[in-house]
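Notes follow once the structure below has been shown.
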Amino acid sequence: MHPTKFILIGAATMFAGTAQAQTELTWWHGMGGQLGETVNTLATMFNESQSEYVLTPTYKGGYEDTLTSTIAAFRAGEQPNIVQVFDAGAATIIGADGAVIPAEDLIINAGIDFDSNDYISGVRYFYADSEGKMVGMPFNSSTPILYYNTEALEKAGVEPPKTWEEFQAIAPAIVEAGYTPLAQSHSPWIWTENFHSRHNLPFATNNNGFDGSDGTEILVNNDAIKAHFTAAKEWMDKGWYGYYGAGWGDNQTPFENGEVAMWLGSSGSFGGLRNSVEFDFSATYLPYWEAVTTEPTQTFIGGAALFALSGHDEAENTGTAEFFKFLSSPEVQLMWHKETGYVPITTAAYELATEEGYYEETPQAEVGIKQLLLPSGENSKGYRMGFYVQIRDVMNREYGKIFAGETDVDSAFSVIEEEGNKLLNRFAQTN
Amino acid sequence: MAKSQFTNPWFPYLLLAPQMLIIGVFFLWPAAEAIWSSFFLQDPFFGKSTYVGINNYVDAVTGSDYRRTAWFTTIFTVLVAFLSLFLGLMLAVSADRVLRGRSAYKTLLMWVYAIAPPVAGLIGIMLFDQHIGPLVEFAALFGWNMRVGVDYWDTGIAMIVVATWKQIPYCFIFFLSGLQSIPSSVKEAASIDCRSETRRFWTITFPLLAPTTFFLLILNITYAMFETFGTIDLMVKGEPGNNPVTLVYKVYQDGFRGLDVGGSAAQSVILMLLVLVLTVVQFRLIERRVHYS
C-alpha cells in the first residue's frame, strides 16, 4: 500500500472515530426526485451547522409507504427519530396515543424557546391537537390555488375569476378562444376539504374531528357542496371543465400542454410548473361561491408534517428538537420555499422573502401563503378524521361516477356520507 | 411405493421437513394470523385489538363497491385466463408449423415473458395514456373515445389487454413444448385418416394437450387473480378513483394504504376461501376429463 494512502485511511478512521461520538438521528421521508435532493441538502446543512448530531434522511417511497414502513418499524422497536406523515394520515399517527412526542413538548423539553404564534395561522393548527398544541412540525406545506395561462385569458379578454359565479360568466369566452377553461387535480383535497374551509362550513362533527374520534361524523352531505358538484357536472357537459380521472398528473398535463386555461393545483406545484411550462402563467386564490358566502375564509395546508417518534433517549430527542428549530429558522424556510414552492411556515420566513423582493419577481409564489393568511373561521383550520385515506378513495370513486354519468350528485354524496361514517366508526373502535 | 425403501421410518419425514417448514412459515402461519386478525379491529401502531366478531366480514361484503369489485375480478380473471390460453395456443400451433426462422419466431414470442409485471404496467400506461397513448389514438380511428383512468370499462379493457399480453408467452412456451412432445407417428397416422387440419387439431392434438391446458388454466387463474397486482397498481397509479381493481388489490389498498388491518384481513380470508373452493372444483370436476399420457 502506498504510504500516503495509508495515512489517509488512518486519518479517515480517526474521523470516523470522532463521528461515532456524535448522536445519530434518522429521518424517514416520502419525497422522491428533485424534492428528495432538497431534503438531502437540508440534512447536510443541518449536519454542517453543528457538530453534536448527524442526521440521515432515508427515502421510503411514497407517503403511504413511508407510514406503513414506520408502523412496521415501530412495532419492531426500530422506529426512526423523525418521520414525515401526510395530511390524510395525520389522524392515524396522532390518534395512536404515545407513538409521537408532540413537537411543541419536544422543543420545550429541550430548553428551546417555542411560540406557536411564530407559525402562520393556516399552518399552525392542521397538525395540532384540539387545544392547539402542535403535535407535528409542518414541513412541506401547500394549499390549493388557481393557476391560469395568462395568454389564454388575454386571448379570451377575461380576468381570472374570484368566484365560481365569475367563472361561469367568463367560461364561454375561454371556450371561444380555443381552450378548455378548467381542470382540477385533487377533488377530495381541493373541492371537498378546502371547499368547506373556504366557505367556513363544518366538515365533521366534534369540531371537525379535532376533539377525538369517538362519535365523529362526516358532514359532507350538504347543499353547498352538492350544488357545487351539480354545477361542475354541468360545466363538464358544456365543455367548461375537463375531468381527466383521479390522478394528479393526468389533470395537470393538459394545463401544461396549453389545452386547459386554468388549473386548480397545489401552491407547491409552482416549482415544477416554472420548469415545465413554456407560456406565462400566474396564480390566484381558490374561487368561492358568492351564493354560499360573501366572506370567504382561508384554506388550510396539505402536504405533510414531521413527527418525532417516541422510544428514543433524551440525547436523540434533543437532537430532533434542534433539527426542528433549525428547520423553522427563516433562512432555511426561505431556501425551502424558493427551491420547492412550498409555503414558508413562519411569519419571519415570509417577511424575509418579502424583504428580499422574492415576490416582486415571482408573485405567483406568494398566492398560497396569502391565501393561508386570509381571515380564519371556526371551520377553516382543517379536519382530523381516521381511515381518511379510504374516505378519500370513496370520494374519488363517487366523483368519478358523477362525471362519468353513472350516478347523480345526491346519491353520490349519500354514499360518501354513509361509507365515511362507517369508516369513522370503525376507526373509533381501534383506539 | 414400498415403505421398506427407507430403513429409518423417520427418514422420509426428515426429507419433507424443509418443505413443510417453508409451508408452515410462509403460508400456514400468516394464514392463521390473518384469520385471527379478521375478528379484531386493530390500532396499527401498538396492535391494540378490539374484538368485533364477524363485523369485519359484514362491513367488507356490504361495502357499496365490494360487489362491483368482485364482479370485475371474475370477468377479468375469466377473460385473462382464457384469452391468454387461446392466443398462446394459436401462436404455438403457428410457430410449430413454421419451418424457416423457427427459433427467431420462438424467441420473439417468448420475449415478453421476461418483462416484470410493473414494467408491463408502465408500458401499458404509456400505450393507453389518455393524452399521448398510441392505442388510444388507434381506438379513436374507430370512433371509440377511449378514456383510460376516467371510464370504468375503458380502464378495465386496458388492464385486460396488458395482463393478457403479459401471460401469452407463458402459455406459448408450455403449449409449444406440449406440441413437440406429441409423437409424429400419431400425427402422421391422423393425417392419413383425416384430411381436415382443423378437425385433426381438435380431435387429436388438442386432447393430447389437455394436461398442459389444465395446468395452464390453473396457473392463469392464479396469475389473473393475484400476480396481476403490479400491473394494476401501476395502471391505476395508486389512485384508483372510479377505476376497476381486483379483490387482491383491494386487500392491499385497505390494509397497507389504509392501515385497516382487521378489514383487510377479513377480505383476504374471503379470498382464501374462494381460492380453496376454486381449486377443489378444478381438481374434482375438470381434472376428471384430463387424460395424462
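Labels for the C-alpha cells follow display order: chains A, B, ..., residues from 1 in each chain, ligands from 1.
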
Notebook entry, point to check: Please, which residues of chain A lie no more than 7 Å from chain B when the count uses only C-alpha atoms, and can they be set out as a list in words?
Noted result: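 Result: Glu64, Thr68, Ile71, Phe74, Arg75, Ala96, Tyr244, Gly245, Ala246, Gly247, Phe387, Val389, Gln390, Asp393, Asn396, Arg397, Glu398, Gly400, Lys401, Ala404, Gln429, Thr430 and Asn431 of chain A.
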
Grab the residues selected above and save them as a PDB file, in the first residue's frame with N, CA and C atoms.
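Now in selection29.pdb:
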ATOM      1  N   GLU A  64     -47.741   6.926   1.617  1.00  0.00           N
ATOM      2  CA  GLU A  64     -48.380   5.756   2.223  1.00  0.00           C
ATOM      3  C   GLU A  64     -47.330   4.733   2.635  1.00  0.00           C
ATOM      4  N   THR A  68     -46.494   3.156   6.311  1.00  0.00           N
ATOM      5  CA  THR A  68     -46.566   1.710   6.541  1.00  0.00           C
ATOM      6  C   THR A  68     -45.236   1.177   7.066  1.00  0.00           C
ATOM      7  N   ILE A  71     -44.754   2.149  10.700  1.00  0.00           N
ATOM      8  CA  ILE A  71     -45.541   1.354  11.631  1.00  0.00           C
ATOM      9  C   ILE A  71     -44.892  -0.008  11.857  1.00  0.00           C
ATOM     10  N   PHE A  74     -41.976   0.547  13.981  1.00  0.00           N
ATOM     11  CA  PHE A  74     -42.391   0.899  15.338  1.00  0.00           C
ATOM     12  C   PHE A  74     -42.729  -0.353  16.132  1.00  0.00           C
ATOM     13  N   ARG A  75     -43.430  -1.263  15.471  1.00  0.00           N
ATOM     14  CA  ARG A  75     -43.830  -2.480  16.179  1.00  0.00           C
ATOM     15  C   ARG A  75     -42.634  -3.373  16.455  1.00  0.00           C
ATOM     16  N   ALA A  96     -52.710   7.510  17.632  1.00  0.00           N
ATOM     17  CA  ALA A  96     -52.018   6.421  18.328  1.00  0.00           C
ATOM     18  C   ALA A  96     -51.331   6.999  19.556  1.00  0.00           C
ATOM     19  N   TYR A 244     -60.110  14.475 -15.969  1.00  0.00           N
ATOM     20  CA  TYR A 244     -59.176  13.504 -16.555  1.00  0.00           C
ATOM     21  C   TYR A 244     -58.850  12.366 -15.594  1.00  0.00           C
ATOM     22  N   GLY A 245     -59.762  12.075 -14.671  1.00  0.00           N
ATOM     23  CA  GLY A 245     -59.537  10.976 -13.736  1.00  0.00           C
ATOM     24  C   GLY A 245     -59.070  11.456 -12.374  1.00  0.00           C
ATOM     25  N   ALA A 246     -58.740  10.485 -11.524  1.00  0.00           N
ATOM     26  CA  ALA A 246     -58.400  10.813 -10.145  1.00  0.00           C
ATOM     27  C   ALA A 246     -56.912  11.102  -9.959  1.00  0.00           C
ATOM     28  N   GLY A 247     -56.110  10.818 -10.983  1.00  0.00           N
ATOM     29  CA  GLY A 247     -54.671  11.014 -10.846  1.00  0.00           C
ATOM     30  C   GLY A 247     -54.298  12.489 -10.905  1.00  0.00           C
ATOM     31  N   PHE A 387     -58.988   6.696   9.202  1.00  0.00           N
ATOM     32  CA  PHE A 387     -59.202   5.924   7.969  1.00  0.00           C
ATOM     33  C   PHE A 387     -59.514   6.899   6.824  1.00  0.00           C
ATOM     34  N   VAL A 389     -57.678   7.944   4.424  1.00  0.00           N
ATOM     35  CA  VAL A 389     -57.207   7.530   3.089  1.00  0.00           C
ATOM     36  C   VAL A 389     -58.339   6.798   2.362  1.00  0.00           C
ATOM     37  N   GLN A 390     -59.042   5.915   3.104  1.00  0.00           N
ATOM     38  CA  GLN A 390     -60.156   5.194   2.491  1.00  0.00           C
ATOM     39  C   GLN A 390     -61.322   6.133   2.183  1.00  0.00           C
ATOM     40  N   ASP A 393     -60.636   7.713  -0.913  1.00  0.00           N
ATOM     41  CA  ASP A 393     -60.847   6.771  -2.014  1.00  0.00           C
ATOM     42  C   ASP A 393     -62.322   6.706  -2.402  1.00  0.00           C
ATOM     43  N   ASN A 396     -63.130   9.899  -4.295  1.00  0.00           N
ATOM     44  CA  ASN A 396     -62.607   9.846  -5.656  1.00  0.00           C
ATOM     45  C   ASN A 396     -63.452   8.945  -6.544  1.00  0.00           C
ATOM     46  N   ARG A 397     -63.892   7.849  -5.966  1.00  0.00           N
ATOM     47  CA  ARG A 397     -64.694   6.909  -6.736  1.00  0.00           C
ATOM     48  C   ARG A 397     -66.046   7.517  -7.091  1.00  0.00           C
ATOM     49  N   GLU A 398     -66.703   8.092  -6.083  1.00  0.00           N
ATOM     50  CA  GLU A 398     -68.033   8.645  -6.328  1.00  0.00           C
ATOM     51  C   GLU A 398     -67.978   9.848  -7.266  1.00  0.00           C
ATOM     52  N   GLY A 400     -65.785  10.296  -9.565  1.00  0.00           N
ATOM     53  CA  GLY A 400     -65.569   9.687 -10.887  1.00  0.00           C
ATOM     54  C   GLY A 400     -66.879   9.226 -11.497  1.00  0.00           C
ATOM     55  N   LYS A 401     -67.735   8.647 -10.640  1.00  0.00           N
ATOM     56  CA  LYS A 401     -69.037   8.179 -11.125  1.00  0.00           C
ATOM     57  C   LYS A 401     -69.930   9.344 -11.542  1.00  0.00           C
ATOM     58  N   ALA A 404     -68.735  10.513 -14.837  1.00  0.00           N
ATOM     59  CA  ALA A 404     -68.967   9.535 -15.902  1.00  0.00           C
ATOM     60  C   ALA A 404     -70.454   9.355 -16.153  1.00  0.00           C
ATOM     61  N   GLN A 429     -63.230   2.565  16.914  1.00  0.00           N
ATOM     62  CA  GLN A 429     -63.093   1.329  17.692  1.00  0.00           C
ATOM     63  C   GLN A 429     -61.657   0.817  17.767  1.00  0.00           C
ATOM     64  N   THR A 430     -60.755   1.372  16.954  1.00  0.00           N
ATOM     65  CA  THR A 430     -59.373   0.881  17.006  1.00  0.00           C
ATOM     66  C   THR A 430     -58.619   1.502  18.176  1.00  0.00           C
ATOM     67  N   ASN A 431     -59.154   2.594  18.716  1.00  0.00           N
ATOM     68  CA  ASN A 431     -58.400   3.245  19.791  1.00  0.00           C
ATOM     69  C   ASN A 431     -58.916   2.899  21.178  1.00  0.00           C
TER      70      ASN A 431
END

Which residues of stretch 87-183 of chain A come within 9 Å of stretch 198-218 of chain A, and for each one, what is the closest pair of atoms and their distance in Å to one decimal, counting only C-alpha atoms, sorted by chain and residue number, as a Markdown table?
| residue | atom | partner | partner_atom | distance |
| --- | --- | --- | --- | --- |
| A:Ala91 | CA | A:Ser213 | CA | 8.6 |
| A:Gly95 | CA | A:Ser213 | CA | 8.1 |
| A:Ala128 | CA | A:Phe210 | CA | 8.5 |
| A:Asp129 | CA | A:Phe210 | CA | 6.5 |
| A:Ser130 | CA | A:Phe210 | CA | 5.2 |
| A:Glu131 | CA | A:Asp211 | CA | 8.7 |

Note to self: Restricting the calculation to only C-alpha atoms: of B:Asn145, B:Gln5, B:Thr203, B:Gln282, which residue gets closest to B:Ile218?
What the structure shows: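 Among B:Asn145, B:Gln5, B:Thr203, B:Gln282, it is B:Gln282 that comes nearest to B:Ile218.
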
Item checked: Every residue of stretch 34-150 of chain B that DSSP places in strand (DSSP E), as a list in words ->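 Selection result, strand (DSSP E) within stretch 34-150 of chain B: Phe40, Leu41, Gln42, Ser49, Thr50 and Tyr51 of chain B.
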
Margin query: Env of A:Ser310: 9 Å cut, atoms = only C-alpha atoms, seq-sep filter 6 positions within chain, self excluded. Answer as a ChimeraX atom specification.
Written below: /A:79,81,98-101,317

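Around B:Leu208, within 12 Å and counting only C-alpha atoms, the residues found are Phe175, Gly178, Leu179, Gln180, Ser181, Ile182, Pro183, Val186, Lys187, Arg200, Phe201, Trp202, Phe214, Arg289, Val290, His291, Tyr292 and Ser293 of chain B, once anything fewer than 6 positions away on its own chain is removed.
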